Amino acid sequence: MGWGGAARLSLSGGLLGRPDGLPHATGQPVQTAAGVIGLAGLAWLLANLPLFWAAAAVAAGGGGLLLLRFPHLAWLGLALALPFASAVKRGPVSLADVMLGAAVLLWFVDGTRKGRLRLNTGLLPTLFFFYLLALLLSFPSAIDLQEAVEGAIKWLQMLVVVLLIEEALPTRQVRWLVWGLLAGGVLQAMLGIYQFVFRIGPPNFLLLDRFMRAAGTFGQPNPFAGYLGLTLPVAVSLFLMSLSSIVGRPSTGLRQAFAGTVLHGGAAAVIGAGLVASWSRGGWLGAAAGVGVVLFLQGGPLVKGAALAGAGTVMLLGPLAYRFIPSSLTDRLADLPAYLGTGMWEVVQQPVTDGNFSVIERLAHWIAALRMWEMSPWLGVGPGNYAAVYPRVRLDRWEDPLGHAHNTYLNVLAENGLVGIIAYLALWTGVVIWLICMRGRVLRRGRKKVDSQRNSQLLGDAQMLSVAWTAAVLSGVLGVIVHLSVHHVFDNLYVQGIHLHVALWLGAAVALMRSEAADGAAA
């Protein structure tokens, strides 16, 4: 099994037993009986319930039947509604968790009905499995078992998504999954822009006495910025792909390329504006890194030249233009070196002011994480147990544990020890290498297809567009992982369903590679 290969665990035939009786259960008599029962139920609802609740029940029933007929729609709905559904919670369970459970159940029912249940067991699920195993090794150290279970469940959910997306989604629906993820980002960004302009939010989010830091449905600007930053690279990548397709494109492809340029460019602009409105430094740095990777991979000579020229201009003229930049922005960025410097102890011992509060607070929690790691160097204090152990190791003046260390690497080191951080770094390093290799494979195979089909120019153009789209998505997902890695120096983005957002991007990449591998085998 190569880098792109994905062995499939098939649970069909003799293991589950093929439901031979099912075709007979869908005959005309059964369908007629089901229709009569359905009409009788509808009549009862209209006669006994208020109109609103009757309509809601009918809509829910219709939606359920639609999902039974087209189970892949559950994944598309999850991609679109994820940030909103994650905000609806009852105890530790969110609506997004329920939607994920429903999607998995529908996959199982549909696979059982067809007598075929298959799982993608390639490289990415294997990496997630080994990290989950590292988490389980840390369980004996946990003093709050509920938090440990909840922390492990997040990674189990990510493993399930990466395992199932390839088999749960028909090939032609993968693009809809990508567009659903982008549409969710656009809707969330629009909400954040509205909050920013009309000052919707708590008083402590007030900005420049005129605006409000955007938080969307996340309640806090940093995870909101993280979610947008984990969507922006794909939008930018698809925009660049569409834009480059216009150049030299025959008239048969101009309309599609132009529509893609407008839609993806508009999505990138709205998401970028929402990210700026969050006023999150970690989000800005992560987005700069993620989009920078996309520009390097997807930008043509003109785009790369413009980007380098812009960077050079900033380096040369930045000091001269510094006095013309609004002080609110320069103050926001001036204390970033304190995060990356070596004098953490000196910084946290300074008097706390409004200007340095956020920096000292984060550094205090970084030091607490290092103290936890010293308590249990190999296996840590247990998954999700940072807040539970925090009172034992906290610095004076900083009583609130904040839920995590505001640095994912230190948080993993504290909760899961050296074993956990090695598995964590191996996971994301493997993901990055896989994405780079798969993108290279797509481009190489695409060039071979085009070279072999030069006698059919129209077919060659179609192949080029398909290859370019797949490569652009892989480049964008690579930018997503880069943003995640950079932003995690300052925060923890595995909150409020964002871990599922990342898993859906990876699942889309795996599903696209399945389609590309099938095309290659056919060729």
# chains A, B, ... in the order shown; residues from 1 in each chain; ligands from 1
>>> residues_around(residues="A:Phe139", least_positions_apart="2", cutoff="8 Å", atoms="only C-alpha atoms", output="PyMOL selection string")
chain A and resi 135-137+141-142+145+148+382-383
>>> select_by_dssp(residues="stretch 137-332 of chain A", states="strand (DSSP E or B)", output="PyMOL selection string")
chain A and resi 206-207+211-212
>>> write_last_selection(atoms="C-alpha atoms", output="compact mmCIF listing (two decimals), in the first residue's frame")
# COMPACT_ATOMS: atom_id res chain seq x y z
CA LEU A 206 -15.34 46.91 22.43
CA LEU A 207 -12.70 48.06 19.96
CA PHE A 211 -16.46 48.55 16.74
CA MET A 212 -16.80 45.20 18.47
>>> residues_around(residues="stretch 129-133 of chain A", least_positions_apart="5", cutoff="12 Å", atoms="only C-alpha atoms", output="PyMOL selection string")
chain A and resi 121-124+138-139+148-149+151-160+162-163+379+383+412+416+419-428+430
>>> write_last_selection(atoms="C-alpha atoms", output="tab-separated table (two decimals), in the first residue's frame")
chain	number	residue	atom	x	y	z
A	121	THR	CA	-7.82	2.23	6.32
A	122	GLY	CA	-5.07	4.28	4.68
A	123	LEU	CA	-2.29	6.35	6.18
A	124	LEU	CA	-4.35	9.19	7.71
A	138	SER	CA	-2.48	8.73	29.68
A	139	PHE	CA	-5.86	7.81	31.18
A	148	ALA	CA	-10.40	12.64	29.92
A	149	VAL	CA	-13.20	10.80	28.15
A	151	GLY	CA	-10.93	14.85	25.34
A	152	ALA	CA	-10.46	11.40	23.79
A	153	ILE	CA	-13.91	11.48	22.14
A	154	LYS	CA	-12.88	14.49	20.05
A	155	TRP	CA	-10.06	12.52	18.50
A	156	LEU	CA	-12.26	9.48	18.08
A	157	GLN	CA	-14.71	11.68	16.17
A	158	MET	CA	-11.91	12.91	13.91
A	159	LEU	CA	-10.83	9.32	13.27
A	160	VAL	CA	-14.41	8.33	12.40
A	162	VAL	CA	-11.55	10.47	8.15
A	163	LEU	CA	-12.49	6.78	8.05
A	379	LEU	CA	2.41	10.15	30.04
A	383	PRO	CA	-6.33	13.99	28.45
A	412	VAL	CA	-0.42	18.14	24.75
A	416	ASN	CA	-0.08	13.43	27.47
A	419	VAL	CA	4.67	9.95	24.38
A	420	GLY	CA	1.71	12.15	23.51
A	421	ILE	CA	3.65	15.06	22.00
A	422	ILE	CA	5.74	12.70	19.84
A	423	ALA	CA	2.55	11.02	18.56
A	424	TYR	CA	0.92	14.42	18.02
A	425	LEU	CA	3.85	15.81	16.01
A	426	ALA	CA	4.10	12.56	14.05
A	427	LEU	CA	0.38	12.80	13.22
A	428	TRP	CA	0.49	16.27	11.69
A	430	GLY	CA	2.52	12.68	8.40
>>> residues_around(residues="A:Glu374", least_positions_apart="6", cutoff="10 Å", atoms="only C-alpha atoms", output="list in words")
Ala368, Gly380, Val381, Leu413, Ala414 and Gly417 of chain A
>>> write_last_selection(atoms="C-alpha atoms", output="PDB file, in the first residue's frame")
ATOM      1  CA  ALA A 368       1.760  26.069  34.386  1.00  0.00           C
ATOM      2  CA  GLY A 380       1.265  13.537  31.352  1.00  0.00           C
ATOM      3  CA  VAL A 381      -1.599  14.323  33.719  1.00  0.00           C
ATOM      4  CA  LEU A 413       2.926  17.900  26.539  1.00  0.00           C
ATOM      5  CA  ALA A 414       1.259  18.599  29.888  1.00  0.00           C
ATOM      6  CA  GLY A 417       3.633  13.726  28.185  1.00  0.00           C
TER       7      GLY A 417
END
>>> residues_around(residues="stretch 288-294 of chain A", least_positions_apart="6", cutoff="9 Å", atoms="only C-alpha atoms", output="list of chain:residue names")
A:Gly229, A:Leu230, A:Leu232, A:Pro233, A:Val234, A:Val236, A:Ser237, A:Leu240, A:Ala307, A:Ala472, A:Ser475, A:Gly476, A:Leu478, A:Gly479, A:Val480, A:Ile481, A:Val482, A:His483, A:Leu484, A:Val486
>>> write_last_selection(atoms="N, CA and C atoms", output="mmCIF file, in the first residue's frame")
data_model
loop_
_atom_site.group_PDB
_atom_site.id
_atom_site.type_symbol
_atom_site.label_atom_id
_atom_site.label_comp_id
_atom_site.auth_asym_id
_atom_site.auth_seq_id
_atom_site.Cartn_x
_atom_site.Cartn_y
_atom_site.Cartn_z
ATOM 1 N N GLY A 229 -9.824 31.043 9.694
ATOM 2 C CA GLY A 229 -8.483 30.795 9.165
ATOM 3 C C GLY A 229 -8.313 29.376 8.654
ATOM 4 N N LEU A 230 -9.119 28.437 9.163
ATOM 5 C CA LEU A 230 -9.082 27.059 8.686
ATOM 6 C C LEU A 230 -10.004 26.842 7.488
ATOM 7 N N LEU A 232 -10.162 29.829 5.020
ATOM 8 C CA LEU A 232 -9.641 30.796 4.050
ATOM 9 C C LEU A 232 -8.661 30.201 3.042
ATOM 10 N N PRO A 233 -7.693 29.352 3.434
ATOM 11 C CA PRO A 233 -6.722 28.872 2.438
ATOM 12 C C PRO A 233 -7.354 28.126 1.272
ATOM 13 N N VAL A 234 -8.409 27.357 1.534
ATOM 14 C CA VAL A 234 -9.048 26.626 0.436
ATOM 15 C C VAL A 234 -9.749 27.599 -0.501
ATOM 16 N N VAL A 236 -8.938 30.727 -1.075
ATOM 17 C CA VAL A 236 -7.896 31.415 -1.840
ATOM 18 C C VAL A 236 -7.321 30.497 -2.915
ATOM 19 N N SER A 237 -7.092 29.247 -2.564
ATOM 20 C CA SER A 237 -6.512 28.306 -3.522
ATOM 21 C C SER A 237 -7.438 28.085 -4.717
ATOM 22 N N LEU A 240 -7.410 31.207 -6.950
ATOM 23 C CA LEU A 240 -6.228 31.279 -7.810
ATOM 24 C C LEU A 240 -6.324 30.278 -8.952
ATOM 25 N N ALA A 307 3.579 38.883 -4.721
ATOM 26 C CA ALA A 307 3.688 38.602 -3.292
ATOM 27 C C ALA A 307 5.090 38.923 -2.776
ATOM 28 N N ALA A 472 -5.814 22.104 -6.340
ATOM 29 C CA ALA A 472 -6.092 23.332 -5.595
ATOM 30 C C ALA A 472 -6.676 23.015 -4.225
ATOM 31 N N SER A 475 -3.866 21.765 -2.065
ATOM 32 C CA SER A 475 -3.041 22.906 -1.636
ATOM 33 C C SER A 475 -3.730 23.681 -0.526
ATOM 34 N N GLY A 476 -5.044 23.898 -0.683
ATOM 35 C CA GLY A 476 -5.793 24.622 0.338
ATOM 36 C C GLY A 476 -5.829 23.883 1.659
ATOM 37 N N LEU A 478 -3.608 21.799 2.715
ATOM 38 C CA LEU A 478 -2.266 21.951 3.286
ATOM 39 C C LEU A 478 -2.148 23.304 3.988
ATOM 40 N N GLY A 479 -2.706 24.371 3.378
ATOM 41 C CA GLY A 479 -2.729 25.675 4.042
ATOM 42 C C GLY A 479 -3.530 25.652 5.326
ATOM 43 N N VAL A 480 -4.609 24.868 5.357
ATOM 44 C CA VAL A 480 -5.409 24.717 6.575
ATOM 45 C C VAL A 480 -4.558 24.124 7.698
ATOM 46 N N ILE A 481 -3.796 23.081 7.390
ATOM 47 C CA ILE A 481 -2.962 22.444 8.414
ATOM 48 C C ILE A 481 -1.846 23.383 8.869
ATOM 49 N N VAL A 482 -1.303 24.168 7.946
ATOM 50 C CA VAL A 482 -0.275 25.146 8.328
ATOM 51 C C VAL A 482 -0.870 26.191 9.257
ATOM 52 N N HIS A 483 -2.060 26.699 8.936
ATOM 53 C CA HIS A 483 -2.717 27.653 9.839
ATOM 54 C C HIS A 483 -2.918 27.024 11.208
ATOM 55 N N LEU A 484 -3.417 25.799 11.241
ATOM 56 C CA LEU A 484 -3.649 25.110 12.511
ATOM 57 C C LEU A 484 -2.364 25.032 13.329
ATOM 58 N N VAL A 486 0.393 26.921 13.171
ATOM 59 C CA VAL A 486 0.881 28.221 13.630
ATOM 60 C C VAL A 486 -0.034 28.799 14.711
#
